[in-house]
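Shown next: run_29.tsv, containing TSV, C-alpha atoms.
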```tsv
chain	number	residue	atom	x	y	z
A	127	MET	CA	106.55	91.94	78.43
A	128	PHE	CA	106.19	90.52	81.94
A	129	PHE	CA	109.22	92.27	83.44
A	130	THR	CA	108.47	95.53	81.66
A	131	ALA	CA	104.99	95.49	83.18
A	132	TRP	CA	106.50	95.09	86.66
A	133	ALA	CA	109.00	97.87	85.95
A	134	THR	CA	106.11	100.09	84.83
A	135	LEU	CA	104.34	99.42	88.12
A	136	ALA	CA	107.57	100.30	89.95
A	137	VAL	CA	107.82	103.59	88.02
A	138	LEU	CA	104.24	104.40	88.96
A	139	GLY	CA	104.95	103.35	92.54
A	140	VAL	CA	107.80	105.85	92.74
A	141	TYR	CA	105.47	108.55	91.44
A	142	PHE	CA	102.75	107.67	93.95
A	143	TRP	CA	105.33	107.74	96.75
A	144	THR	CA	106.39	111.30	95.78
A	145	TRP	CA	102.70	112.25	95.53
A	146	GLY	CA	102.11	110.90	99.05
A	147	VAL	CA	105.08	112.82	100.45
A	148	ALA	CA	103.83	116.03	98.80
A	149	GLY	CA	100.31	115.44	100.11
A	150	TYR	CA	101.61	114.79	103.61
A	151	ALA	CA	103.68	118.00	103.43
A	152	ARG	CA	100.58	119.96	102.36
A	153	VAL	CA	98.72	118.72	105.45
A	154	ARG	CA	101.69	119.02	107.82
A	155	TYR	CA	102.45	122.62	106.86
A	156	LYS	CA	98.78	123.59	106.51
A	157	MET	CA	99.03	124.53	102.85
A	158	PRO	CA	95.48	124.62	101.45
A	159	ALA	CA	95.11	124.07	97.73
A	160	PRO	CA	95.84	125.75	95.40
A	161	SER	CA	98.62	127.49	97.36
A	162	MET	CA	102.13	126.59	96.20
A	163	ASP	CA	104.12	128.97	98.37
A	164	GLY	CA	105.04	127.99	101.88
A	165	PRO	CA	107.81	126.55	104.01
A	166	GLU	CA	110.84	125.28	102.16
A	167	ALA	CA	110.15	121.67	103.19
A	168	PHE	CA	106.73	121.88	101.52
A	169	GLN	CA	108.22	123.43	98.39
A	170	ARG	CA	110.84	120.67	98.19
A	171	ALA	CA	108.23	117.93	98.47
A	172	HIS	CA	106.06	119.62	95.86
A	173	ARG	CA	108.95	120.12	93.42
A	174	VAL	CA	110.04	116.49	93.73
A	175	GLN	CA	106.50	115.34	92.93
A	176	MET	CA	106.08	117.72	90.01
A	177	ASN	CA	109.51	116.96	88.55
A	178	THR	CA	108.81	113.25	88.80
A	179	LEU	CA	105.48	113.76	87.03
A	180	GLU	CA	107.25	115.74	84.32
A	181	MET	CA	109.68	112.83	83.81
A	182	LEU	CA	107.04	110.10	83.42
A	183	PRO	CA	106.61	110.45	79.63
A	184	LEU	CA	110.38	110.45	79.19
A	185	VAL	CA	110.66	107.08	80.91
A	186	LEU	CA	107.38	105.31	80.11
A	187	VAL	CA	107.43	105.80	76.34
A	188	PRO	CA	111.01	104.57	75.74
A	189	LEU	CA	110.48	101.83	78.35
A	190	TRP	CA	107.77	100.23	76.23
A	191	LEU	CA	109.48	101.00	72.93
A	192	CYS	CA	112.62	99.30	74.21
A	193	ALA	CA	110.60	96.28	75.36
A	194	THR	CA	109.00	96.04	71.93
A	195	PHE	CA	112.07	96.49	69.77
A	196	LEU	CA	114.94	95.14	71.91
A	197	GLY	CA	113.60	93.01	74.72
A	198	ASP	CA	111.69	92.71	77.95
A	199	LEU	CA	114.66	92.36	80.31
A	200	TRP	CA	116.57	95.28	78.80
A	201	ALA	CA	113.57	97.54	79.17
A	202	ALA	CA	112.83	96.41	82.71
A	203	ALA	CA	116.44	97.01	83.72
A	204	GLY	CA	116.26	100.56	82.36
A	205	GLY	CA	112.98	101.20	84.15
A	206	LEU	CA	114.33	99.95	87.46
A	207	LEU	CA	117.48	102.03	87.03
A	208	TRP	CA	115.22	105.08	86.53
A	209	CYS	CA	113.38	104.19	89.76
A	210	LEU	CA	116.66	104.03	91.66
A	211	GLY	CA	117.70	107.40	90.23
A	212	ARG	CA	114.36	109.00	91.13
A	213	ILE	CA	114.52	107.69	94.69
A	214	LEU	CA	118.05	109.06	95.09
A	215	TYR	CA	116.89	112.35	93.55
A	216	ALA	CA	113.93	112.62	95.92
A	217	VAL	CA	115.82	111.72	99.09
A	218	GLY	CA	118.61	114.12	98.15
A	219	TYR	CA	116.18	116.93	97.34
A	220	TYR	CA	114.22	116.42	100.57
A	221	ARG	CA	117.43	116.77	102.58
A	222	ASP	CA	119.12	119.52	100.58
A	223	PRO	CA	118.26	120.60	97.00
A	224	ALA	CA	121.98	120.79	96.18
A	225	LYS	CA	122.19	117.00	96.74
A	226	ARG	CA	119.69	116.03	94.04
A	227	GLU	CA	122.08	115.93	91.07
A	228	ALA	CA	123.36	112.35	91.33
A	229	GLY	CA	119.84	110.94	91.32
A	230	PHE	CA	118.74	113.27	88.55
A	231	ILE	CA	121.70	112.29	86.38
A	232	LEU	CA	121.13	108.58	87.00
A	233	GLY	CA	117.46	108.92	86.03
A	234	MET	CA	118.32	110.83	82.86
A	235	LEU	CA	120.99	108.28	81.94
A	236	ALA	CA	118.39	105.53	82.34
A	237	CYS	CA	116.06	107.41	79.96
A	238	ALA	CA	118.88	107.95	77.48
A	239	ALA	CA	119.83	104.26	77.70
A	240	LEU	CA	116.22	103.24	77.01
A	241	ILE	CA	116.09	105.55	74.00
A	242	GLY	CA	119.46	104.33	72.74
A	243	ALA	CA	118.44	100.70	73.25
A	244	THR	CA	115.25	101.33	71.30
A	245	VAL	CA	117.23	102.83	68.41
A	246	PHE	CA	119.58	99.85	68.51
A	247	GLY	CA	116.65	97.45	68.47
A	248	LEU	CA	115.09	99.27	65.53
A	249	LEU	CA	118.33	99.25	63.56
A	250	MET	CA	118.80	95.51	64.15
A	251	ARG	CA	115.46	94.67	62.51
```

Show me the file's structure as structure tokens.
Amino acid sequence: MFFTAWATLAVLGVYFWTWGVAGYARVRYKMPAPSMDGPEAFQRAHRVQMNTLEMLPLVLVPLWLCATFLGDLWAAAGGLLWCLGRILYAVGYYRDPAKREAGFILGMLACAALIGATVFGLLMR
């Protein structure tokens, strides 16, 4: 599960990056906790972080199930595809919320592929 472990660290790295951007926005726009309302740039950064957090179970669970029942490389590829989708989602959302869809769709397709690969691996046993 060597490559899956690295992909997991990449997934967590993407999350920590969005957390850092949100934290920086909180300081830059002087948004003391627990306030969630503020300039649009702060709200965008916060939504990207929260949406990424909400997606973690949907990627981490099938990532490891896929590694277990289909294979390490397949799982790692799905995890890295999710990372690419999340980065595209975040960059698009930071610039203009209407430009987040391609990254969101790519991330969801990666999750669906991991789930489908897990089912395939289970059926092949």

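Contact shell of segment 149-157 of chain A at 12 Å (only C-alpha atoms; same-chain neighbours under 4 positions omitted): Phe142, Trp143, Thr144, Trp145, Ser161, Met162, Asp163, Gly164, Pro165, Glu166, Ala167, Phe168, Gln169, Arg170, Ala171, His172, Arg173, Val174, Gln175, Met176 and Tyr220 of chain A.
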
Discussion item. Considering only C-alpha atoms, can you say which of A:Ile231, A:Ala201, A:Val217, A:Ala224 comes closest to Val185 of chain A?
Written reply: A:Ala201

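Residue neighbourhood of Leu138 of chain A, excluding near-sequence residues (fewer than 4 positions): Trp132, Ala133, Thr134, Phe142, Trp143, Thr144, Thr178, Leu179, Leu182, Leu186 and Cys209 of chain A, at 10 Å, using all atoms listed in the file.
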
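Distances here use all atoms listed in the file; by that measure, the residue among A:Val140, A:Leu206, A:Asn177, A:Gly242 closest to Arg226 of chain A is A:Asn177.
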
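In this comparison, which uses only C-alpha atoms, the residue of A:Trp190, A:Leu235, A:Thr244, A:Phe230 approaching Gly218 of chain A most closely is A:Phe230.
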
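Ranking A:Ala131, A:Ala216, A:Met250, A:Ala203 by their shortest atom-to-atom distance to Ala148 of chain A, with all atoms listed in the file included, puts A:Ala216 first.
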
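With only C-alpha atoms as the atoms that count, the residue of A:Pro188, A:Gly229, A:Pro183, A:Gly197 with the shortest distance to Tyr215 of chain A is A:Gly229.
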
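Atom pair atom CA of Leu210 of chain A / atom CA of Glu180 of chain A has a distance of 16.7 Å (rounded to one decimal).
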
Discussion item. Could you check the closest approach to Gly139 of chain A for each of A:Leu232, A:Ile213, A:Leu207, A:Val245 and tell me which residue wins, using only C-alpha atoms?
Written reply: A:Ile213

Please identify all polymer residues within 10 Å of Leu184 of chain A, counting only C-alpha atoms, omitting same-chain residues fewer than 4 positions from it, and present them as a compact mmCIF listing (two decimals) with C-alpha atoms, in the frame of the given file.
```txt
# COMPACT_ATOMS: atom_id res chain seq x y z
CA LEU A 179 105.48 113.76 87.03
CA GLU A 180 107.25 115.74 84.32
CA PRO A 188 111.01 104.57 75.74
CA LEU A 189 110.48 101.83 78.35
CA GLY A 233 117.46 108.92 86.03
CA MET A 234 118.32 110.83 82.86
CA ALA A 236 118.39 105.53 82.34
CA CYS A 237 116.06 107.41 79.96
CA ALA A 238 118.88 107.95 77.48
CA LEU A 240 116.22 103.24 77.01
CA ILE A 241 116.09 105.55 74.00
```

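A straight line drawn from atom CA of Pro158 of chain A to atom CA of Val137 of chain A is 27.8 Å long.
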
Worksheet item: Near Leu199 of chain A, counting all atoms listed in the file, which residues have an atom at most 8 Å away, once you skip same-chain residues fewer than 5 positions from it, shown as a VMD selection string?
Response: chain A and resid 129 to 130 193

Practice prompt. Go ahead and compute the interatomic distance for atom CA of Tyr141 of chain A and atom CA of Gly247 of chain A, in Å to one decimal.
Written response: 27.9 Å
